[in-house]
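Data file: my_file-v3.pdb. Format and content: PDB, C-alpha atoms.
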MODEL        1
ATOM      1  CA  MET A   1      80.132 122.104  53.941
ATOM      2  CA  SER A   2      82.773 120.284  55.989
ATOM      3  CA  GLN A   3      85.349 122.667  54.555
ATOM      4  CA  SER A   4      83.485 125.725  55.813
ATOM      5  CA  GLU A   5      82.845 124.043  59.166
ATOM      6  CA  ILE A   6      86.560 123.398  59.572
ATOM      7  CA  GLY A   7      87.303 126.972  58.515
ATOM      8  CA  ALA A   8      84.923 128.145  61.228
ATOM      9  CA  VAL A   9      86.818 126.119  63.834
ATOM     10  CA  ASN A  10      90.052 127.712  62.636
ATOM     11  CA  ARG A  11      88.478 131.133  63.221
ATOM     12  CA  GLN A  12      87.531 129.992  66.754
ATOM     13  CA  PHE A  13      91.107 128.813  67.234
ATOM     14  CA  GLU A  14      92.429 132.242  66.239
ATOM     15  CA  GLU A  15      90.013 134.008  68.554
ATOM     16  CA  ALA A  16      90.777 131.735  71.513
ATOM     17  CA  ALA A  17      94.526 132.210  70.970
ATOM     18  CA  ARG A  18      94.163 135.985  70.651
ATOM     19  CA  LYS A  19      92.142 136.170  73.864
ATOM     20  CA  GLY A  20      94.334 133.701  75.708
ATOM     21  CA  ASP A  21      91.276 131.532  76.325
ATOM     22  CA  LEU A  22      93.093 128.250  76.903
ATOM     23  CA  ASP A  23      89.999 126.295  77.941
ATOM     24  CA  ARG A  24      88.308 127.157  74.681
ATOM     25  CA  LEU A  25      91.469 126.457  72.710
ATOM     26  CA  ALA A  26      91.788 123.013  74.278
ATOM     27  CA  SER A  27      88.095 122.283  73.648
ATOM     28  CA  LEU A  28      88.725 122.568  69.902
ATOM     29  CA  TYR A  29      90.846 119.394  70.120
ATOM     30  CA  THR A  30      89.483 115.854  70.417
ATOM     31  CA  PRO A  31      89.805 114.354  73.910
ATOM     32  CA  ASP A  32      92.490 111.970  72.623
ATOM     33  CA  ALA A  33      94.258 114.512  70.402
ATOM     34  CA  MET A  34      98.017 114.597  69.947
ATOM     35  CA  ALA A  35      99.992 117.796  69.419
ATOM     36  CA  VAL A  36     103.584 117.741  68.209
ATOM     37  CA  PRO A  37     105.413 121.031  68.867
ATOM     38  CA  PRO A  38     109.020 121.435  67.749
ATOM     39  CA  ASP A  39     111.735 120.605  70.295
ATOM     40  CA  SER A  40     109.299 118.529  72.305
ATOM     41  CA  ARG A  41     107.868 115.092  72.609
ATOM     42  CA  VAL A  42     104.329 114.239  71.527
ATOM     43  CA  VAL A  43     101.716 115.866  73.787
ATOM     44  CA  LYS A  44      98.651 113.681  74.366
ATOM     45  CA  GLY A  45      95.161 114.676  75.467
ATOM     46  CA  ARG A  46      93.275 117.931  75.975
ATOM     47  CA  GLU A  47      94.580 118.783  79.425
ATOM     48  CA  ASN A  48      98.203 118.347  78.407
ATOM     49  CA  ILE A  49      97.575 120.284  75.192
ATOM     50  CA  LYS A  50      96.065 123.104  77.267
ATOM     51  CA  GLN A  51      99.194 123.187  79.443
ATOM     52  CA  MET A  52     101.342 123.097  76.308
ATOM     53  CA  TRP A  53      99.594 126.140  74.844
ATOM     54  CA  ALA A  54      99.844 127.962  78.167
ATOM     55  CA  GLY A  55     103.592 127.370  78.134
ATOM     56  CA  ILE A  56     104.055 128.347  74.502
ATOM     57  CA  ALA A  57     101.890 131.475  74.783
ATOM     58  CA  GLN A  58     103.877 132.649  77.795
ATOM     59  CA  GLN A  59     107.251 131.720  76.317
ATOM     60  CA  ILE A  60     106.807 133.588  73.040
ATOM     61  CA  GLY A  61     104.399 136.279  74.194
ATOM     62  CA  LEU A  62     101.649 135.190  71.808
ATOM     63  CA  LYS A  63      99.381 138.065  70.766
ATOM     64  CA  ASP A  64      97.746 137.005  67.539
ATOM     65  CA  VAL A  65      97.453 133.984  65.244
ATOM     66  CA  ARG A  66      96.257 133.902  61.629
ATOM     67  CA  LEU A  67      95.727 130.488  60.071
ATOM     68  CA  ASN A  68      95.920 130.171  56.296
ATOM     69  CA  THR A  69      94.700 126.888  54.801
ATOM     70  CA  LEU A  70      96.754 125.824  51.761
ATOM     71  CA  ASP A  71      95.080 122.469  51.251
ATOM     72  CA  LEU A  72      92.138 120.767  52.947
ATOM     73  CA  GLN A  73      90.758 117.397  51.947
ATOM     74  CA  VAL A  74      87.845 115.657  53.615
ATOM     75  CA  ALA A  75      87.434 111.874  53.685
ATOM     76  CA  GLY A  76      84.358 110.817  55.640
ATOM     77  CA  ASP A  77      84.660 111.900  59.252
ATOM     78  CA  MET A  78      88.379 112.650  58.854
ATOM     79  CA  ALA A  79      90.080 115.525  57.096
ATOM     80  CA  TYR A  80      93.637 116.663  56.675
ATOM     81  CA  GLU A  81      94.824 120.194  56.265
ATOM     82  CA  VAL A  82      98.144 121.737  55.248
ATOM     83  CA  GLY A  83      98.522 125.375  56.163
ATOM     84  CA  GLU A  84     100.582 128.290  57.325
ATOM     85  CA  ALA A  85     100.254 130.286  60.520
ATOM     86  CA  ASP A  86     101.310 133.901  60.941
ATOM     87  CA  LEU A  87     101.959 134.739  64.565
ATOM     88  CA  THR A  88     102.365 138.066  66.290
ATOM     89  CA  ILE A  89     104.626 137.545  69.282
ATOM     90  CA  ALA A  90     106.581 139.630  71.773
ATOM     91  CA  THR A  91     109.581 139.987  69.464
ATOM     92  CA  GLY A  92     107.581 140.667  66.288
ATOM     93  CA  LYS A  93     106.366 138.154  63.737
ATOM     94  CA  ALA A  94     106.833 134.421  63.291
ATOM     95  CA  ALA A  95     105.643 132.114  60.533
ATOM     96  CA  LEU A  96     104.875 128.410  60.808
ATOM     97  CA  ASN A  97     103.876 125.517  58.573
ATOM     98  CA  PHE A  98     101.348 123.069  59.986
ATOM     99  CA  VAL A  99      99.488 119.860  59.240
ATOM    100  CA  VAL A 100      96.268 119.117  61.103
ATOM    101  CA  VAL A 101      94.332 115.856  60.956
ATOM    102  CA  TRP A 102      90.719 116.709  61.742
ATOM    103  CA  LYS A 103      88.127 114.326  63.159
ATOM    104  CA  LYS A 104      84.380 114.812  63.274
ATOM    105  CA  THR A 105      82.829 113.495  66.469
ATOM    106  CA  ASP A 106      79.331 114.239  67.745
ATOM    107  CA  GLY A 107      78.759 116.438  64.707
ATOM    108  CA  GLN A 108      81.735 118.656  65.524
ATOM    109  CA  TRP A 109      85.038 118.917  63.665
ATOM    110  CA  ARG A 110      87.979 118.988  66.055
ATOM    111  CA  LEU A 111      91.766 118.979  65.770
ATOM    112  CA  HIS A 112      92.909 115.388  66.269
ATOM    113  CA  ARG A 113      96.564 115.550  65.270
ATOM    114  CA  ASP A 114      98.414 118.888  65.151
ATOM    115  CA  ILE A 115     102.052 119.341  64.154
ATOM    116  CA  TRP A 116     103.988 122.392  63.033
ATOM    117  CA  ASN A 117     107.448 123.679  62.255
ATOM    118  CA  THR A 118     109.055 126.971  61.319
ATOM    119  CA  LYS A 119     108.464 128.303  57.843
ATOM    120  CA  ALA A 120     111.122 129.748  55.562
ATOM    121  CA  ALA A 121     111.435 133.512  55.850
TER     122      ALA A 121
ATOM    123  CA  MET B   1      96.537  94.359  57.451
ATOM    124  CA  SER B   2      96.757  98.006  56.403
ATOM    125  CA  GLN B   3      98.910  98.625  59.470
ATOM    126  CA  SER B   4     101.459  96.004  58.457
ATOM    127  CA  GLU B   5     101.376  97.233  54.846
ATOM    128  CA  ILE B   6     102.181 100.753  56.024
ATOM    129  CA  GLY B   7     104.905  99.381  58.277
ATOM    130  CA  ALA B   8     106.389  97.629  55.250
ATOM    131  CA  VAL B   9     106.487 100.926  53.332
ATOM    132  CA  ASN B  10     108.272 102.519  56.285
ATOM    133  CA  ARG B  11     110.893  99.770  56.061
ATOM    134  CA  GLN B  12     111.264 100.538  52.329
ATOM    135  CA  PHE B  13     111.628 104.213  53.208
ATOM    136  CA  GLU B  14     114.436 103.406  55.648
ATOM    137  CA  GLU B  15     116.211 101.221  53.112
ATOM    138  CA  ALA B  16     115.905 103.799  50.312
ATOM    139  CA  ALA B  17     117.214 106.536  52.609
ATOM    140  CA  ARG B  18     120.111 104.359  53.796
ATOM    141  CA  LYS B  19     121.098 103.521  50.238
ATOM    142  CA  GLY B  20     120.563 107.054  48.980
ATOM    143  CA  ASP B  21     118.072 105.700  46.433
ATOM    144  CA  LEU B  22     116.168 108.918  45.815
ATOM    145  CA  ASP B  23     114.038 107.566  42.969
ATOM    146  CA  ARG B  24     112.740 104.817  45.190
ATOM    147  CA  LEU B  25     112.256 107.202  48.089
ATOM    148  CA  ALA B  26     110.200 109.544  45.913
ATOM    149  CA  SER B  27     108.158 106.623  44.549
ATOM    150  CA  LEU B  28     106.880 105.941  48.070
ATOM    151  CA  TYR B  29     104.991 109.248  47.935
ATOM    152  CA  THR B  30     101.760 109.863  46.033
ATOM    153  CA  PRO B  31     102.201 111.853  42.800
ATOM    154  CA  ASP B  32     100.454 114.842  44.424
ATOM    155  CA  ALA B  33     102.113 114.475  47.821
ATOM    156  CA  MET B  34     103.161 117.435  49.943
ATOM    157  CA  ALA B  35     106.195 117.426  52.221
ATOM    158  CA  VAL B  36     106.722 120.090  54.870
ATOM    159  CA  PRO B  37     110.327 120.264  56.099
ATOM    160  CA  PRO B  38     111.287 122.761  58.809
ATOM    161  CA  ASP B  39     112.591 126.152  57.666
ATOM    162  CA  SER B  40     111.024 125.682  54.261
ATOM    163  CA  ARG B  41     107.853 126.189  52.344
ATOM    164  CA  VAL B  42     105.544 123.333  51.393
ATOM    165  CA  VAL B  43     107.116 121.037  48.774
ATOM    166  CA  LYS B  44     104.608 119.676  46.251
ATOM    167  CA  GLY B  45     104.859 116.618  44.022
ATOM    168  CA  ARG B  46     107.211 113.661  43.680
ATOM    169  CA  GLU B  47     109.896 115.345  41.613
ATOM    170  CA  ASN B  48     110.195 118.286  44.015
ATOM    171  CA  ILE B  49     110.152 115.917  46.985
ATOM    172  CA  LYS B  50     112.963 113.932  45.391
ATOM    173  CA  GLN B  51     115.011 117.128  44.995
ATOM    174  CA  MET B  52     114.175 118.056  48.579
ATOM    175  CA  TRP B  53     115.501 114.731  49.900
ATOM    176  CA  ALA B  54     118.619 115.037  47.731
ATOM    177  CA  GLY B  55     119.280 118.435  49.294
ATOM    178  CA  ILE B  56     118.581 117.317  52.862
ATOM    179  CA  ALA B  57     120.647 114.123  52.546
ATOM    180  CA  GLN B  58     123.608 116.101  51.253
ATOM    181  CA  GLN B  59     123.221 118.917  53.761
ATOM    182  CA  ILE B  60     123.149 116.725  56.872
ATOM    183  CA  GLY B  61     125.166 113.770  55.563
ATOM    184  CA  LEU B  62     122.304 111.306  56.018
ATOM    185  CA  LYS B  63     123.519 107.758  56.699
ATOM    186  CA  ASP B  64     120.644 105.969  58.370
ATOM    187  CA  VAL B  65     116.985 106.485  59.298
ATOM    188  CA  ARG B  66     114.905 104.492  61.754
ATOM    189  CA  LEU B  67     111.176 105.196  61.840
ATOM    190  CA  ASN B  68     109.254 104.410  65.005
ATOM    191  CA  THR B  69     105.462 104.512  64.758
ATOM    192  CA  LEU B  70     103.829 105.841  67.944
ATOM    193  CA  ASP B  71     100.267 105.879  66.629
ATOM    194  CA  LEU B  72      98.702 104.710  63.382
ATOM    195  CA  GLN B  73      95.011 104.861  62.612
ATOM    196  CA  VAL B  74      93.424 103.732  59.379
ATOM    197  CA  ALA B  75      90.158 105.175  58.030
ATOM    198  CA  GLY B  76      89.210 103.683  54.668
ATOM    199  CA  ASP B  77      91.863 104.482  52.092
ATOM    200  CA  MET B  78      93.446 107.115  54.343
ATOM    201  CA  ALA B  79      95.590 106.669  57.428
ATOM    202  CA  TYR B  80      97.461 108.980  59.727
ATOM    203  CA  GLU B  81     100.587 108.189  61.652
ATOM    204  CA  VAL B  82     102.449 109.927  64.458
ATOM    205  CA  GLY B  83     106.014 108.800  64.920
ATOM    206  CA  GLU B  84     109.603 109.488  65.723
ATOM    207  CA  ALA B  85     112.637 109.203  63.465
ATOM    208  CA  ASP B  86     116.168 108.496  64.642
ATOM    209  CA  LEU B  87     118.733 109.697  62.123
ATOM    210  CA  THR B  88     122.403 108.963  61.813
ATOM    211  CA  ILE B  89     124.046 111.957  60.185
ATOM    212  CA  ALA B  90     127.525 113.321  59.580
ATOM    213  CA  THR B  91     127.697 114.996  62.981
ATOM    214  CA  GLY B  92     126.220 112.072  64.937
ATOM    215  CA  LYS B  93     122.559 111.507  65.828
ATOM    216  CA  ALA B  94     119.397 113.531  65.334
ATOM    217  CA  ALA B  95     115.845 112.837  66.437
ATOM    218  CA  LEU B  96     112.644 114.025  64.787
ATOM    219  CA  ASN B  97     108.908 113.898  65.358
ATOM    220  CA  PHE B  98     106.712 113.345  62.315
ATOM    221  CA  VAL B  99     103.118 113.093  61.164
ATOM    222  CA  VAL B 100     102.347 111.296  57.909
ATOM    223  CA  VAL B 101      98.959 111.183  56.209
ATOM    224  CA  TRP B 102      98.895 107.995  54.159
ATOM    225  CA  LYS B 103      96.743 107.364  51.085
ATOM    226  CA  LYS B 104      96.030 104.039  49.423
ATOM    227  CA  THR B 105      95.898 104.310  45.635
ATOM    228  CA  ASP B 106      96.022 101.406  43.185
ATOM    229  CA  GLY B 107      96.291  99.004  46.118
ATOM    230  CA  GLN B 108      99.437 100.679  47.438
ATOM    231  CA  TRP B 109      99.830 102.778  50.587
ATOM    232  CA  ARG B 110     101.897 105.885  49.928
ATOM    233  CA  LEU B 111     102.944 108.959  51.890
ATOM    234  CA  HIS B 112     100.549 111.751  50.947
ATOM    235  CA  ARG B 113     101.373 114.436  53.503
ATOM    236  CA  ASP B 114     104.674 114.367  55.422
ATOM    237  CA  ILE B 115     105.731 116.909  58.052
ATOM    238  CA  TRP B 116     108.361 116.760  60.757
ATOM    239  CA  ASN B 117     110.165 118.811  63.366
ATOM    240  CA  THR B 118     112.976 118.334  65.839
ATOM    241  CA  LYS B 119     112.318 116.194  68.879
ATOM    242  CA  ALA B 120     113.318 117.079  72.426
ATOM    243  CA  ALA B 121     116.678 115.620  73.428
TER     244      ALA B 121
ENDMDL
END
Would you write the structure of this file as structure tokens?
Amino acid sequence: MSQSEIGAVNRQFEEAARKGDLDRLASLYTPDAMAVPPDSRVVKGRENIKQMWAGIAQQIGLKDVRLNTLDLQVAGDMAYEVGEADLTIATGKAALNFVVVWKKTDGQWRLHRDIWNTKAA
Amino acid sequence: MSQSEIGAVNRQFEEAARKGDLDRLASLYTPDAMAVPPDSRVVKGRENIKQMWAGIAQQIGLKDVRLNTLDLQVAGDMAYEVGEADLTIATGKAALNFVVVWKKTDGQWRLHRDIWNTKAA
């Protein structure tokens, strides 16, 4: 059940990214989330994560995101996921690896730690 | 207590990396660990992770690693860490961000998921 709930949040993430709905995207993170983009320092908290996504989306011309879960394990109100992301951007396609630590708070699974890097071609 | 135990494993990781002791380095991971280096696909299992580290160490001329924990939260027999790594390599210095999901099995904390990317200068 938790696995399908987390999958549903990933679908919301994709939709928010596709629509450029940064408020919704940020709301999928915990208030005290940390995001770790490449070539950056750690980004802390929803508002900063929202600004981060705004910057990234503009920089790369983000059009579409598809998240593919390779491994997802749930332990109580925490879960950790290893996956791949296929992005459609201004210059074509890009592929990423990611690890997300999920946290369930108030009955809702949210991204709590989010880090990614480039995937091999 | 778990926090200091995990810190102790990070010190073992540094020492194994410094000495080029790949068997010991690999033994700090769970048998079913996954490592996610940049520009790669997901690397699964101790033996493959050992080969991965052998390749990376040779490629960059790894001399020293210092791990700096920014955030570490323990939940039962799982923990997740956000940190930075300062590397001494053939060409000088390099800095990384990382997220590690830790798992305690048989009374021992081990790296279970390990992903990193380059840090801002």
Proximal residues of chain B relative to chain A (all atoms listed in the file; 8 Å) as a ChimeraX atom specification: /B:36-42,75,78,80,97-99,101,115-121
Matched chain/residue IDs from the PyMOL selection byres ((chain A and resi 60) around 12), as a list of chain:residue names: A:Trp53, A:Ala54, A:Gly55, A:Ile56, A:Ala57, A:Gln58, A:Gln59, A:Gly61, A:Leu62, A:Lys63, A:Asp64, A:Leu87, A:Thr88, A:Ile89, A:Ala90, A:Thr91, A:Gly92, A:Lys93, A:Ala94
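What separates CA of Ile49 in chain A from CA of Trp102 in chain A is a distance of 15.5 Å.
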Å distance separating CA of Ala85 in chain A from CA of Arg66 in chain A, one decimal place: 5.5 Å
Residue nearest Met1 in chain B - candidates B:Gln73, B:Asp86, B:Arg24, B:Phe13, atoms counted: only C-alpha atoms: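 Smallest separation from Met1 in chain B among the options: B:Gln73.
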Is it possible to get the axis-aligned box enclosing range 82-98 of chain A (all listed atoms, 3 Å extra per side) as JSON, with centre and edge lengths in Å rounded to one decimal?
{"center_x": 103.9, "center_y": 131.2, "center_z": 63.5, "size_x": 17.4, "size_y": 24.9, "size_z": 22.5}
Residue list as a ChimeraX atom specification for point (101.5, 115.4, 48.0), cut-off 6 Å, only C-alpha atoms: /B:30,32-34,44-45,112-113
Residues in the PyMOL selection byres ((chain B and resi 15) around 12), expressed as a list of chain:residue names: B:Ala8, B:Val9, B:Asn10, B:Arg11, B:Gln12, B:Phe13, B:Glu14, B:Ala16, B:Ala17, B:Arg18, B:Lys19, B:Gly20, B:Asp21, B:Leu22, B:Arg24, B:Leu25, B:Leu28, B:Lys63, B:Asp64, B:Val65, B:Arg66, B:Leu67
Å distance separating CA of Tyr29 in chain A from CA of Ile6 in chain A, one decimal place: 12.1 Å
Write range 66-77 of chain A as an mmCIF file, in the coordinates of the input, completed to all heavy atoms.
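The resulting file, out-v4.cif, is reproduced below:
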data_model
loop_
_atom_site.group_PDB
_atom_site.id
_atom_site.type_symbol
_atom_site.label_atom_id
_atom_site.label_comp_id
_atom_site.auth_asym_id
_atom_site.auth_seq_id
_atom_site.Cartn_x
_atom_site.Cartn_y
_atom_site.Cartn_z
ATOM 1 N N ARG A 66 97.081 133.989 62.838
ATOM 2 C CA ARG A 66 96.257 133.902 61.629
ATOM 3 C C ARG A 66 96.578 132.598 60.932
ATOM 4 O O ARG A 66 97.735 132.350 60.597
ATOM 5 C CB ARG A 66 96.548 135.080 60.681
ATOM 6 C CG ARG A 66 96.272 136.443 61.280
ATOM 7 C CD ARG A 66 94.782 136.643 61.548
ATOM 8 N NE ARG A 66 94.568 137.853 62.350
ATOM 9 C CZ ARG A 66 94.281 139.038 61.843
ATOM 10 N NH1 ARG A 66 94.177 139.182 60.538
ATOM 11 N NH2 ARG A 66 94.100 140.084 62.642
ATOM 12 N N LEU A 67 95.554 131.788 60.707
ATOM 13 C CA LEU A 67 95.727 130.488 60.071
ATOM 14 C C LEU A 67 95.315 130.581 58.606
ATOM 15 O O LEU A 67 94.221 131.071 58.292
ATOM 16 C CB LEU A 67 94.876 129.436 60.786
ATOM 17 C CG LEU A 67 95.166 129.277 62.282
ATOM 18 C CD1 LEU A 67 94.127 128.360 62.919
ATOM 19 C CD2 LEU A 67 96.561 128.745 62.518
ATOM 20 N N ASN A 68 96.170 130.114 57.724
ATOM 21 C CA ASN A 68 95.920 130.171 56.296
ATOM 22 C C ASN A 68 95.943 128.749 55.724
ATOM 23 O O ASN A 68 97.002 128.125 55.663
ATOM 24 C CB ASN A 68 96.992 131.050 55.632
ATOM 25 C CG ASN A 68 96.845 131.095 54.133
ATOM 26 O OD1 ASN A 68 95.738 130.950 53.605
ATOM 27 N ND2 ASN A 68 97.955 131.285 53.435
ATOM 28 N N THR A 69 94.790 128.248 55.327
ATOM 29 C CA THR A 69 94.700 126.888 54.801
ATOM 30 C C THR A 69 95.220 126.842 53.365
ATOM 31 O O THR A 69 94.718 127.555 52.508
ATOM 32 C CB THR A 69 93.230 126.414 54.826
ATOM 33 O OG1 THR A 69 92.758 126.450 56.177
ATOM 34 C CG2 THR A 69 93.106 124.998 54.283
ATOM 35 N N LEU A 70 96.227 126.000 53.118
ATOM 36 C CA LEU A 70 96.754 125.824 51.761
ATOM 37 C C LEU A 70 96.060 124.673 51.053
ATOM 38 O O LEU A 70 95.873 124.698 49.843
ATOM 39 C CB LEU A 70 98.260 125.548 51.808
ATOM 40 C CG LEU A 70 99.135 126.655 52.375
ATOM 41 C CD1 LEU A 70 100.590 126.208 52.393
ATOM 42 C CD2 LEU A 70 98.990 127.936 51.570
ATOM 43 N N ASP A 71 95.694 123.658 51.822
ATOM 44 C CA ASP A 71 95.080 122.469 51.251
ATOM 45 C C ASP A 71 94.244 121.801 52.336
ATOM 46 O O ASP A 71 94.714 121.644 53.464
ATOM 47 C CB ASP A 71 96.163 121.485 50.769
ATOM 48 C CG ASP A 71 95.566 120.231 50.171
ATOM 49 O OD1 ASP A 71 95.024 120.298 49.058
ATOM 50 O OD2 ASP A 71 95.618 119.174 50.827
ATOM 51 N N LEU A 72 93.022 121.431 51.980
ATOM 52 C CA LEU A 72 92.138 120.767 52.947
ATOM 53 C C LEU A 72 91.335 119.720 52.199
ATOM 54 O O LEU A 72 90.599 120.044 51.270
ATOM 55 C CB LEU A 72 91.202 121.791 53.592
ATOM 56 C CG LEU A 72 90.115 121.232 54.513
ATOM 57 C CD1 LEU A 72 90.708 120.472 55.693
ATOM 58 C CD2 LEU A 72 89.213 122.356 55.018
ATOM 59 N N GLN A 73 91.506 118.471 52.601
ATOM 60 C CA GLN A 73 90.758 117.397 51.947
ATOM 61 C C GLN A 73 90.000 116.609 53.000
ATOM 62 O O GLN A 73 90.535 116.268 54.049
ATOM 63 C CB GLN A 73 91.720 116.495 51.151
ATOM 64 C CG GLN A 73 92.426 117.332 50.068
ATOM 65 C CD GLN A 73 93.142 116.483 49.020
ATOM 66 O OE1 GLN A 73 92.827 115.326 48.808
ATOM 67 N NE2 GLN A 73 94.113 117.090 48.355
ATOM 68 N N VAL A 74 88.731 116.357 52.693
ATOM 69 C CA VAL A 74 87.845 115.657 53.615
ATOM 70 C C VAL A 74 87.616 114.252 53.111
ATOM 71 O O VAL A 74 87.409 114.049 51.908
ATOM 72 C CB VAL A 74 86.493 116.409 53.732
ATOM 73 C CG1 VAL A 74 85.554 115.682 54.676
ATOM 74 C CG2 VAL A 74 86.715 117.847 54.186
ATOM 75 N N ALA A 75 87.711 113.275 54.012
ATOM 76 C CA ALA A 75 87.434 111.874 53.685
ATOM 77 C C ALA A 75 86.587 111.299 54.807
ATOM 78 O O ALA A 75 87.102 110.913 55.850
ATOM 79 C CB ALA A 75 88.736 111.092 53.524
ATOM 80 N N GLY A 76 85.266 111.317 54.607
ATOM 81 C CA GLY A 76 84.358 110.817 55.640
ATOM 82 C C GLY A 76 84.380 111.710 56.859
ATOM 83 O O GLY A 76 84.215 112.920 56.750
ATOM 84 N N ASP A 77 84.627 111.114 58.013
ATOM 85 C CA ASP A 77 84.660 111.900 59.252
ATOM 86 C C ASP A 77 86.085 112.301 59.635
ATOM 87 O O ASP A 77 86.338 112.694 60.777
ATOM 88 C CB ASP A 77 83.971 111.149 60.398
ATOM 89 C CG ASP A 77 84.708 109.872 60.768
ATOM 90 O OD1 ASP A 77 85.633 109.474 60.027
ATOM 91 O OD2 ASP A 77 84.355 109.264 61.795
#
